[in-house]
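Novice: model_32.pdb is reproduced below (PDB, C-alpha atoms, pLDDT in the B column).
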```
ATOM      1  CA  MET A   1       0.000   0.000   0.000  1.00 95.00           C
ATOM      2  CA  LEU A   2       2.774   2.424   0.864  1.00 95.00           C
ATOM      3  CA  GLN A   3       4.590   1.767  -2.387  1.00 93.00           C
ATOM      4  CA  ARG A   4       1.473   2.792  -4.309  1.00 94.00           C
ATOM      5  CA  ALA A   5       0.690   5.755  -2.069  1.00 97.00           C
ATOM      6  CA  ILE A   6       4.103   7.474  -2.078  1.00 97.00           C
ATOM      7  CA  PRO A   7       4.894   9.297  -5.340  1.00 96.00           C
ATOM      8  CA  PRO A   8       8.500  10.322  -6.028  1.00 96.00           C
ATOM      9  CA  GLY A   9       9.338  13.507  -4.121  1.00 97.00           C
ATOM     10  CA  ALA A  10       6.375  13.077  -1.768  1.00 98.00           C
ATOM     11  CA  THR A  11       5.564  15.232   1.224  1.00 98.00           C
ATOM     12  CA  VAL A  12       4.308  12.911   3.957  1.00 98.00           C
ATOM     13  CA  LEU A  13       2.670  13.388   7.353  1.00 98.00           C
ATOM     14  CA  GLU A  14       2.967  10.606   9.920  1.00 98.00           C
ATOM     15  CA  ALA A  15       0.215  10.983  12.502  1.00 97.00           C
ATOM     16  CA  GLY A  16       1.313   9.512  15.825  1.00 95.00           C
ATOM     17  CA  CYS A  17       4.906   9.002  14.716  1.00 95.00           C
ATOM     18  CA  GLY A  18       6.407   7.840  18.013  1.00 92.00           C
ATOM     19  CA  ARG A  19      10.090   6.893  18.205  1.00 93.00           C
ATOM     20  CA  THR A  20      10.436   4.899  14.983  1.00 93.00           C
ATOM     21  CA  THR A  21       8.694   4.584  11.635  1.00 94.00           C
ATOM     22  CA  ARG A  22       8.419   2.008   8.862  1.00 92.00           C
ATOM     23  CA  LEU A  23       8.455   4.988   6.482  1.00 96.00           C
ATOM     24  CA  ALA A  24      12.236   4.977   6.941  1.00 95.00           C
ATOM     25  CA  ASP A  25      12.287   2.231   4.302  1.00 95.00           C
ATOM     26  CA  HIS A  26      10.700   4.634   1.788  1.00 96.00           C
ATOM     27  CA  ARG A  27      12.856   7.718   2.279  1.00 95.00           C
ATOM     28  CA  ASP A  28      14.227   7.415  -1.253  1.00 96.00           C
ATOM     29  CA  ARG A  29      10.829   8.663  -2.478  1.00 97.00           C
ATOM     30  CA  ILE A  30       9.922  10.979   0.414  1.00 98.00           C
ATOM     31  CA  ALA A  31      11.276  14.505   0.035  1.00 98.00           C
ATOM     32  CA  ARG A  32       9.888  15.718   3.361  1.00 98.00           C
ATOM     33  CA  LEU A  33       8.639  13.628   6.274  1.00 98.00           C
ATOM     34  CA  VAL A  34       6.776  15.444   9.040  1.00 98.00           C
ATOM     35  CA  GLY A  35       5.803  13.662  12.253  1.00 98.00           C
ATOM     36  CA  ILE A  36       3.216  14.675  14.820  1.00 97.00           C
ATOM     37  CA  ASP A  37       2.594  13.095  18.192  1.00 95.00           C
ATOM     38  CA  LEU A  38       1.200  14.065  21.578  1.00 92.00           C
ATOM     39  CA  ASP A  39       4.229  12.340  23.136  1.00 92.00           C
ATOM     40  CA  GLY A  40       6.860  14.974  22.499  1.00 95.00           C
ATOM     41  CA  ALA A  41       9.715  13.006  24.044  1.00 93.00           C
ATOM     42  CA  ALA A  42       9.065  10.054  21.723  1.00 93.00           C
ATOM     43  CA  GLY A  43       8.708  12.174  18.598  1.00 95.00           C
ATOM     44  CA  ARG A  44      11.940  14.037  19.232  1.00 96.00           C
ATOM     45  CA  GLU A  45      13.777  10.683  19.315  1.00 95.00           C
ATOM     46  CA  ASN A  46      12.573   9.785  15.809  1.00 96.00           C
ATOM     47  CA  ALA A  47      15.672  10.192  13.652  1.00 95.00           C
ATOM     48  CA  SER A  48      13.813   9.501  10.384  1.00 96.00           C
ATOM     49  CA  LEU A  49      11.804  12.742  10.492  1.00 97.00           C
ATOM     50  CA  ASP A  50      12.660  16.020   8.809  1.00 98.00           C
ATOM     51  CA  GLU A  51      10.369  17.872  11.206  1.00 98.00           C
ATOM     52  CA  PHE A  52       8.503  16.982  14.384  1.00 98.00           C
ATOM     53  CA  ILE A  53       5.558  18.859  15.876  1.00 98.00           C
ATOM     54  CA  GLU A  54       4.103  18.024  19.277  1.00 97.00           C
ATOM     55  CA  THR A  55       0.341  18.286  18.931  1.00 95.00           C
ATOM     56  CA  ASP A  56      -2.936  16.579  19.779  1.00 92.00           C
ATOM     57  CA  LEU A  57      -4.691  14.783  16.931  1.00 93.00           C
ATOM     58  CA  SER A  58      -8.033  15.620  18.528  1.00 89.00           C
ATOM     59  CA  GLY A  59      -7.692  19.275  17.503  1.00 92.00           C
ATOM     60  CA  PRO A  60      -6.954  21.244  14.337  1.00 96.00           C
ATOM     61  CA  LEU A  61      -3.695  20.249  12.671  1.00 97.00           C
ATOM     62  CA  PRO A  62      -1.120  23.052  12.290  1.00 97.00           C
ATOM     63  CA  PHE A  63      -0.838  22.747   8.497  1.00 98.00           C
ATOM     64  CA  ASP A  64      -2.281  24.535   5.487  1.00 98.00           C
ATOM     65  CA  ASP A  65      -4.870  22.887   3.291  1.00 97.00           C
ATOM     66  CA  ALA A  66      -3.520  20.454   0.675  1.00 97.00           C
ATOM     67  CA  SER A  67      -0.028  20.236   2.197  1.00 98.00           C
ATOM     68  CA  PHE A  68       0.643  16.481   1.918  1.00 98.00           C
ATOM     69  CA  ASP A  69       0.577  13.640  -0.586  1.00 98.00           C
ATOM     70  CA  LEU A  70       0.127  11.002   2.119  1.00 98.00           C
ATOM     71  CA  VAL A  71      -1.057  10.817   5.711  1.00 98.00           C
ATOM     72  CA  TYR A  72       0.186   7.666   7.414  1.00 98.00           C
ATOM     73  CA  SER A  73      -1.250   6.482  10.732  1.00 97.00           C
ATOM     74  CA  ASN A  74       0.157   3.440  12.548  1.00 94.00           C
ATOM     75  CA  PHE A  75      -2.058   2.222  15.414  1.00 91.00           C
ATOM     76  CA  VAL A  76      -3.435   5.666  16.261  1.00 92.00           C
ATOM     77  CA  VAL A  77      -7.117   5.354  15.360  1.00 93.00           C
ATOM     78  CA  GLU A  78      -7.920   3.352  18.498  1.00 89.00           C
ATOM     79  CA  HIS A  79      -6.835   6.299  20.650  1.00 87.00           C
ATOM     80  CA  LEU A  80      -8.908   9.025  18.991  1.00 92.00           C
ATOM     81  CA  ASP A  81     -11.470  10.950  21.044  1.00 90.00           C
ATOM     82  CA  ASP A  82     -13.302  12.199  17.951  1.00 93.00           C
ATOM     83  CA  PRO A  83     -12.467  10.116  14.848  1.00 95.00           C
ATOM     84  CA  ALA A  84     -14.764  12.139  12.582  1.00 93.00           C
ATOM     85  CA  ARG A  85     -12.940  15.358  13.387  1.00 96.00           C
ATOM     86  CA  THR A  86      -9.489  13.799  13.022  1.00 97.00           C
ATOM     87  CA  PHE A  87     -10.298  12.161   9.681  1.00 97.00           C
ATOM     88  CA  GLY A  88     -11.720  15.485   8.536  1.00 97.00           C
ATOM     89  CA  GLU A  89      -8.397  17.145   9.359  1.00 98.00           C
ATOM     90  CA  PHE A  90      -6.499  14.394   7.532  1.00 98.00           C
ATOM     91  CA  HIS A  91      -8.654  15.056   4.476  1.00 98.00           C
ATOM     92  CA  ARG A  92      -8.140  18.832   4.714  1.00 97.00           C
ATOM     93  CA  VAL A  93      -4.343  18.643   4.733  1.00 98.00           C
ATOM     94  CA  LEU A  94      -4.190  16.147   1.846  1.00 98.00           C
ATOM     95  CA  ARG A  95      -3.841  17.213  -1.755  1.00 96.00           C
ATOM     96  CA  PRO A  96      -6.606  16.145  -4.168  1.00 93.00           C
ATOM     97  CA  ASP A  97      -6.367  12.380  -4.692  1.00 89.00           C
ATOM     98  CA  GLY A  98      -3.865  12.128  -1.831  1.00 97.00           C
ATOM     99  CA  TRP A  99      -3.695   8.980   0.241  1.00 98.00           C
ATOM    100  CA  LEU A 100      -4.503   7.987   3.793  1.00 98.00           C
ATOM    101  CA  VAL A 101      -2.845   4.701   4.814  1.00 98.00           C
ATOM    102  CA  LEU A 102      -3.557   3.361   8.272  1.00 98.00           C
ATOM    103  CA  LEU A 103      -3.126   0.368  10.522  1.00 97.00           C
ATOM    104  CA  THR A 104      -5.418  -0.030  13.494  1.00 95.00           C
ATOM    105  CA  SER A 105      -6.760  -2.589  15.943  1.00 92.00           C
ATOM    106  CA  ASN A 106      -9.971  -4.360  14.962  1.00 95.00           C
ATOM    107  CA  ARG A 107     -12.498  -4.475  17.808  1.00 93.00           C
ATOM    108  CA  SER A 108     -14.453  -7.139  15.917  1.00 94.00           C
ATOM    109  CA  ASN A 109     -11.729  -9.519  17.068  1.00 93.00           C
ATOM    110  CA  PRO A 110     -12.838 -11.201  20.327  1.00 91.00           C
ATOM    111  CA  LEU A 111      -9.598 -10.487  22.199  1.00 84.00           C
ATOM    112  CA  MET A 112      -9.488  -6.878  20.993  1.00 83.00           C
ATOM    113  CA  ALA A 113     -13.065  -6.488  22.212  1.00 85.00           C
ATOM    114  CA  ALA A 114     -12.079  -7.903  25.599  1.00 81.00           C
ATOM    115  CA  ALA A 115      -9.120  -5.528  25.781  1.00 75.00           C
ATOM    116  CA  ARG A 116     -11.501  -2.597  25.547  1.00 73.00           C
ATOM    117  CA  ALA A 117     -12.894  -3.529  28.954  1.00 76.00           C
ATOM    118  CA  MET A 118      -9.468  -3.959  30.574  1.00 70.00           C
ATOM    119  CA  PRO A 119      -8.293  -1.398  33.102  1.00 72.00           C
ATOM    120  CA  GLN A 120      -5.278   0.480  31.795  1.00 65.00           C
ATOM    121  CA  ARG A 121      -3.045  -1.108  34.433  1.00 68.00           C
ATOM    122  CA  LEU A 122      -3.941  -4.612  33.249  1.00 66.00           C
ATOM    123  CA  ARG A 123      -3.448  -3.609  29.612  1.00 62.00           C
ATOM    124  CA  VAL A 124       0.069  -2.459  30.457  1.00 54.00           C
ATOM    125  CA  LEU A 125       0.831  -5.768  32.189  1.00 63.00           C
ATOM    126  CA  VAL A 126      -0.389  -7.803  29.207  1.00 61.00           C
ATOM    127  CA  LYS A 127       1.590  -5.795  26.663  1.00 56.00           C
ATOM    128  CA  ARG A 128       4.690  -5.734  28.831  1.00 55.00           C
ATOM    129  CA  GLY A 129       4.606  -9.422  29.696  1.00 58.00           C
ATOM    130  CA  GLY A 130       3.611 -10.734  26.279  1.00 54.00           C
ATOM    131  CA  ALA A 131       4.962  -8.255  23.749  1.00 58.00           C
ATOM    132  CA  GLY A 132       7.729  -6.568  25.715  1.00 58.00           C
ATOM    133  CA  ALA A 133       6.169  -3.096  25.510  1.00 59.00           C
ATOM    134  CA  VAL A 134       7.309  -0.500  28.020  1.00 62.00           C
ATOM    135  CA  GLU A 135       4.684   1.320  30.065  1.00 56.00           C
ATOM    136  CA  ARG A 136       5.365   4.724  28.493  1.00 63.00           C
ATOM    137  CA  ASP A 137       4.319   3.327  25.107  1.00 65.00           C
ATOM    138  CA  VAL A 138       0.946   1.906  26.221  1.00 58.00           C
ATOM    139  CA  PHE A 139      -1.760   4.545  25.809  1.00 66.00           C
ATOM    140  CA  PRO A 140      -5.435   4.371  26.811  1.00 72.00           C
ATOM    141  CA  ALA A 141      -7.595   3.107  23.935  1.00 75.00           C
ATOM    142  CA  ARG A 142     -10.972   4.603  22.983  1.00 78.00           C
ATOM    143  CA  TYR A 143     -11.959   2.202  20.154  1.00 83.00           C
ATOM    144  CA  ARG A 144     -14.468   4.629  18.634  1.00 90.00           C
ATOM    145  CA  ALA A 145     -13.834   3.756  14.968  1.00 93.00           C
ATOM    146  CA  ASN A 146     -12.454   0.273  15.302  1.00 94.00           C
ATOM    147  CA  THR A 147     -14.768  -2.131  13.591  1.00 96.00           C
ATOM    148  CA  PRO A 148     -14.796  -2.497   9.803  1.00 96.00           C
ATOM    149  CA  ALA A 149     -18.212  -0.819   9.615  1.00 96.00           C
ATOM    150  CA  ALA A 150     -17.351   2.035  11.988  1.00 96.00           C
ATOM    151  CA  LEU A 151     -14.077   2.746  10.222  1.00 97.00           C
ATOM    152  CA  GLU A 152     -15.765   2.764   6.814  1.00 97.00           C
ATOM    153  CA  ALA A 153     -18.451   5.139   8.085  1.00 96.00           C
ATOM    154  CA  ALA A 154     -15.947   7.546   9.662  1.00 96.00           C
ATOM    155  CA  THR A 155     -13.595   7.688   6.680  1.00 97.00           C
ATOM    156  CA  SER A 156     -16.410   7.957   4.139  1.00 96.00           C
ATOM    157  CA  ALA A 157     -18.032  10.817   6.046  1.00 95.00           C
ATOM    158  CA  ALA A 158     -14.696  12.666   5.984  1.00 96.00           C
ATOM    159  CA  GLY A 159     -14.447  12.360   2.195  1.00 96.00           C
ATOM    160  CA  PHE A 160     -12.300   9.265   1.783  1.00 97.00           C
ATOM    161  CA  THR A 161     -12.902   6.403  -0.626  1.00 96.00           C
ATOM    162  CA  ALA A 162     -11.519   2.989   0.300  1.00 97.00           C
ATOM    163  CA  ASP A 163      -8.945   1.732  -2.192  1.00 97.00           C
ATOM    164  CA  SER A 164      -7.962  -1.475  -0.395  1.00 97.00           C
ATOM    165  CA  VAL A 165      -8.644  -2.977   3.022  1.00 98.00           C
ATOM    166  CA  ALA A 166      -6.949  -6.057   4.498  1.00 97.00           C
ATOM    167  CA  TYR A 167      -7.416  -7.906   7.784  1.00 97.00           C
ATOM    168  CA  VAL A 168      -4.227  -9.276   9.293  1.00 95.00           C
ATOM    169  CA  ALA A 169      -3.640 -11.777  12.111  1.00 93.00           C
ATOM    170  CA  THR A 170      -1.261 -10.084  14.558  1.00 90.00           C
ATOM    171  CA  LEU A 171      -2.301 -11.366  17.998  1.00 85.00           C
ATOM    172  CA  HIS A 172       0.770 -13.611  18.144  1.00 84.00           C
ATOM    173  CA  ARG A 173       2.837 -10.485  18.883  1.00 79.00           C
ATOM    174  CA  TYR A 174       1.264 -10.389  22.344  1.00 73.00           C
ATOM    175  CA  GLY A 175       2.557 -13.866  23.082  1.00 72.00           C
ATOM    176  CA  ALA A 176       6.082 -13.359  21.821  1.00 70.00           C
ATOM    177  CA  ARG A 177       7.631 -13.506  25.286  1.00 70.00           C
ATOM    178  CA  VAL A 178       5.513 -16.413  26.582  1.00 73.00           C
ATOM    179  CA  PRO A 179       6.676 -19.912  25.508  1.00 77.00           C
ATOM    180  CA  GLY A 180       4.164 -21.470  23.106  1.00 84.00           C
ATOM    181  CA  ALA A 181       1.696 -18.584  23.347  1.00 82.00           C
ATOM    182  CA  ALA A 182       2.523 -17.042  19.976  1.00 83.00           C
ATOM    183  CA  HIS A 183       1.875 -20.337  18.190  1.00 88.00           C
ATOM    184  CA  VAL A 184      -1.491 -20.813  19.921  1.00 88.00           C
ATOM    185  CA  LEU A 185      -2.609 -17.248  19.220  1.00 87.00           C
ATOM    186  CA  ARG A 186      -1.561 -17.471  15.567  1.00 89.00           C
ATOM    187  CA  TRP A 187      -3.476 -20.731  15.100  1.00 89.00           C
ATOM    188  CA  ALA A 188      -6.592 -19.473  16.898  1.00 89.00           C
ATOM    189  CA  GLU A 189      -6.751 -16.192  15.020  1.00 90.00           C
ATOM    190  CA  ARG A 190      -6.357 -17.744  11.594  1.00 88.00           C
ATOM    191  CA  ALA A 191      -9.407 -19.886  12.357  1.00 91.00           C
ATOM    192  CA  LEU A 192     -11.538 -16.732  12.639  1.00 93.00           C
ATOM    193  CA  PRO A 193     -13.426 -15.157   9.719  1.00 95.00           C
ATOM    194  CA  GLU A 194     -11.153 -12.715   7.917  1.00 94.00           C
ATOM    195  CA  GLN A 195     -12.947  -9.569   9.097  1.00 96.00           C
ATOM    196  CA  ARG A 196     -12.451 -10.618  12.725  1.00 95.00           C
ATOM    197  CA  ARG A 197      -8.653 -10.672  12.557  1.00 95.00           C
ATOM    198  CA  SER A 198      -6.981  -8.293  14.943  1.00 93.00           C
ATOM    199  CA  THR A 199      -5.511  -5.634  12.650  1.00 95.00           C
ATOM    200  CA  ILE A 200      -7.072  -3.576   9.882  1.00 97.00           C
ATOM    201  CA  VAL A 201      -4.659  -2.300   7.220  1.00 98.00           C
ATOM    202  CA  ALA A 202      -6.315   0.115   4.796  1.00 98.00           C
ATOM    203  CA  ALA A 203      -5.592   2.646   2.077  1.00 98.00           C
ATOM    204  CA  TYR A 204      -7.980   5.455   1.103  1.00 98.00           C
ATOM    205  CA  ARG A 205      -8.029   8.179  -1.534  1.00 97.00           C
ATOM    206  CA  ALA A 206      -9.066  11.705  -0.648  1.00 96.00           C
ATOM    207  CA  SER A 207     -12.041  12.403  -2.868  1.00 84.00           C
ATOM    208  CA  TYR A 208     -13.364  15.913  -3.492  1.00 71.00           C
ATOM    209  CA  ARG A 209     -17.028  16.376  -4.316  1.00 58.00           C
TER     210      ARG A 209
END
```
Could you quickly redo this structure as structure tokens?

Specialist:
Amino acid sequence: MLQRAIPPGATVLEAGCGRTTRLADHRDRIARLVGIDLDGAAGRENASLDEFIETDLSGPLPFDDASFDLVYSNFVVEHLDDPARTFGEFHRVLRPDGWLVLLTSNRSNPLMAAARAMPQRLRVLVKRGGAGAVERDVFPARYRANTPAALEAATSAAGFTADSVAYVATLHRYGARVPGAAHVLRWAERALPEQRRSTIVAAYRASYR
């Protein structure tokens, strides 16, 4: 999806950039990579960025209209207070026919649905014990646009047209540090219907009516 969405000489916004980015593998086609994140300490550690801005995705983005060819969002949607407003801002800052590429948790997955009810302290313990995540990188989840239907409704209302959507089995990551757990999780998740797998990976075009 990223190969299709990044034209040569692209200007790209990574929403929720954190400390690292898979966009580093595409820097040969990205002329300018801007990262935004509410976690300023994490964003300032990201050596792949040309510019970092500490800001909240729940509010207006500090960019002019039609500034970017691509907005990339990696596991940010589950944390949004107001997905409709955020997707509207993504659309505003994209050039006509620009791309939104995102990865997000799928609450249609039974374990993702259960995680929604977990206290934050328990969520931290699960991610630390199973996936090796550190506490500072585990943020409270809202899950307000995190089923296939809810995500389609939110992006469509903001002016996006789905180009491709895939459902990926990723639960085994949470068992990586527990002997045998990753194998069991991988087997169990692949037995589920495709749309109930734990991660949604999607690409959208910014349409203008």

Novice: Identify all residues satisfying the PyMOL selection byres ((chain A and resi 22-36) around 9) in the given file; provide them as a ChimeraX atom specification.

Specialist: /A:2-3,6-18,20-21,37-40,43,46,48-57,72

Novice: Could you list the residues chosen by the PyMOL selection byres ((chain A and resi 182-185) around 12) in this structure as number ranges by chain?

Specialist: A: 110-111, 130-131, 169-181, 186-192, 197-198

Novice: Set the distance at 10 Å and use only C-alpha atoms: which residues neighbour A:Phe63 once local chain neighbours fewer than 5 positions away are removed? I'd like the list as a PyMOL selection string.

Specialist: chain A and resi 68+89+92-94

Novice: Take the residues just selected and output them with C-alpha atoms as a tab-separated table (two decimals), in the frame of the given file.

Specialist:
```tsv
chain	number	residue	atom	x	y	z
A	68	PHE	CA	0.64	16.48	1.92
A	89	GLU	CA	-8.40	17.14	9.36
A	92	ARG	CA	-8.14	18.83	4.71
A	93	VAL	CA	-4.34	18.64	4.73
A	94	LEU	CA	-4.19	16.15	1.85
```

Novice: To one decimal place, how far is atom CA of A:Trp99 from atom CA of A:Ala41 in Å?

Specialist: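 Between these atoms lies a distance of 27.6 Å.
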
Novice: Using Å and a single decimal, report how far atom CA of A:Ala158 sits from atom CA of A:Arg85.

Specialist: 8.1 Å

Novice: Please compute the atom CA of A:Ala162-atom CA of A:Arg19 distance, one decimal, in Å.

Specialist: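 Taking atom CA of A:Ala162 and atom CA of A:Arg19, their separation equals 28.3 Å.
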
Novice: Produce stretch 91-120 of chain A of the given structure as output with N, CA and C atoms, as a CSV table (one decimal), in the first residue's frame.

Specialist:
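Below is the file that was written, result36.csv:
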```
chain,number,residue,atom,x,y,z
A,91,HIS,N,-8.2,14.7,5.8
A,91,HIS,CA,-8.7,15.1,4.5
A,91,HIS,C,-8.3,16.5,4.1
A,92,ARG,N,-8.4,17.4,5.0
A,92,ARG,CA,-8.1,18.8,4.7
A,92,ARG,C,-6.7,19.1,4.3
A,93,VAL,N,-5.8,18.4,5.0
A,93,VAL,CA,-4.3,18.6,4.7
A,93,VAL,C,-3.8,17.8,3.6
A,94,LEU,N,-4.6,16.9,3.0
A,94,LEU,CA,-4.2,16.1,1.8
A,94,LEU,C,-4.5,16.9,0.5
A,95,ARG,N,-3.6,16.7,-0.4
A,95,ARG,CA,-3.8,17.2,-1.8
A,95,ARG,C,-4.9,16.4,-2.4
A,96,PRO,N,-5.6,16.9,-3.4
A,96,PRO,CA,-6.6,16.1,-4.2
A,96,PRO,C,-6.0,14.8,-4.6
A,97,ASP,N,-6.8,13.7,-4.4
A,97,ASP,CA,-6.4,12.4,-4.7
A,97,ASP,C,-5.2,11.9,-3.9
A,98,GLY,N,-4.9,12.6,-2.8
A,98,GLY,CA,-3.9,12.1,-1.8
A,98,GLY,C,-4.3,10.9,-1.1
A,99,TRP,N,-3.4,10.3,-0.4
A,99,TRP,CA,-3.7,9.0,0.2
A,99,TRP,C,-3.7,9.1,1.8
A,100,LEU,N,-4.6,8.3,2.4
A,100,LEU,CA,-4.5,8.0,3.8
A,100,LEU,C,-4.2,6.5,3.9
A,101,VAL,N,-3.2,6.1,4.6
A,101,VAL,CA,-2.8,4.7,4.8
A,101,VAL,C,-2.8,4.5,6.3
A,102,LEU,N,-3.5,3.5,6.8
A,102,LEU,CA,-3.6,3.4,8.3
A,102,LEU,C,-3.6,1.9,8.7
A,103,LEU,N,-3.0,1.7,9.8
A,103,LEU,CA,-3.1,0.4,10.5
A,103,LEU,C,-3.8,0.6,11.8
A,104,THR,N,-4.7,-0.2,12.2
A,104,THR,CA,-5.4,0.0,13.5
A,104,THR,C,-6.0,-1.4,14.0
A,105,SER,N,-6.2,-1.4,15.3
A,105,SER,CA,-6.8,-2.6,15.9
A,105,SER,C,-8.2,-2.8,15.5
A,106,ASN,N,-8.6,-4.0,15.4
A,106,ASN,CA,-10.0,-4.4,15.0
A,106,ASN,C,-10.8,-4.9,16.2
A,107,ARG,N,-11.7,-4.1,16.6
A,107,ARG,CA,-12.5,-4.5,17.8
A,107,ARG,C,-13.5,-5.6,17.5
A,108,SER,N,-13.6,-6.0,16.2
A,108,SER,CA,-14.5,-7.1,15.9
A,108,SER,C,-13.8,-8.4,16.3
A,109,ASN,N,-12.5,-8.4,16.6
A,109,ASN,CA,-11.7,-9.5,17.1
A,109,ASN,C,-12.1,-9.7,18.5
A,110,PRO,N,-12.4,-11.0,18.9
A,110,PRO,CA,-12.8,-11.2,20.3
A,110,PRO,C,-11.9,-10.7,21.4
A,111,LEU,N,-10.6,-10.9,21.2
A,111,LEU,CA,-9.6,-10.5,22.2
A,111,LEU,C,-9.4,-9.0,22.2
A,112,MET,N,-9.5,-8.3,21.0
A,112,MET,CA,-9.5,-6.9,21.0
A,112,MET,C,-10.7,-6.3,21.7
A,113,ALA,N,-11.9,-6.9,21.5
A,113,ALA,CA,-13.1,-6.5,22.2
A,113,ALA,C,-12.9,-6.6,23.7
A,114,ALA,N,-12.3,-7.7,24.2
A,114,ALA,CA,-12.1,-7.9,25.6
A,114,ALA,C,-11.1,-6.9,26.1
A,115,ALA,N,-10.1,-6.5,25.3
A,115,ALA,CA,-9.1,-5.5,25.8
A,115,ALA,C,-9.8,-4.2,26.1
A,116,ARG,N,-10.8,-3.9,25.3
A,116,ARG,CA,-11.5,-2.6,25.5
A,116,ARG,C,-12.0,-2.4,27.0
A,117,ALA,N,-12.4,-3.6,27.6
A,117,ALA,CA,-12.9,-3.5,29.0
A,117,ALA,C,-11.8,-3.6,30.0
A,118,MET,N,-10.6,-3.8,29.6
A,118,MET,CA,-9.5,-4.0,30.6
A,118,MET,C,-9.1,-2.6,31.2
A,119,PRO,N,-8.9,-2.6,32.5
A,119,PRO,CA,-8.3,-1.4,33.1
A,119,PRO,C,-6.9,-1.1,32.5
A,120,GLN,N,-6.5,0.1,32.4
A,120,GLN,CA,-5.3,0.5,31.8
A,120,GLN,C,-4.1,-0.3,32.4
```
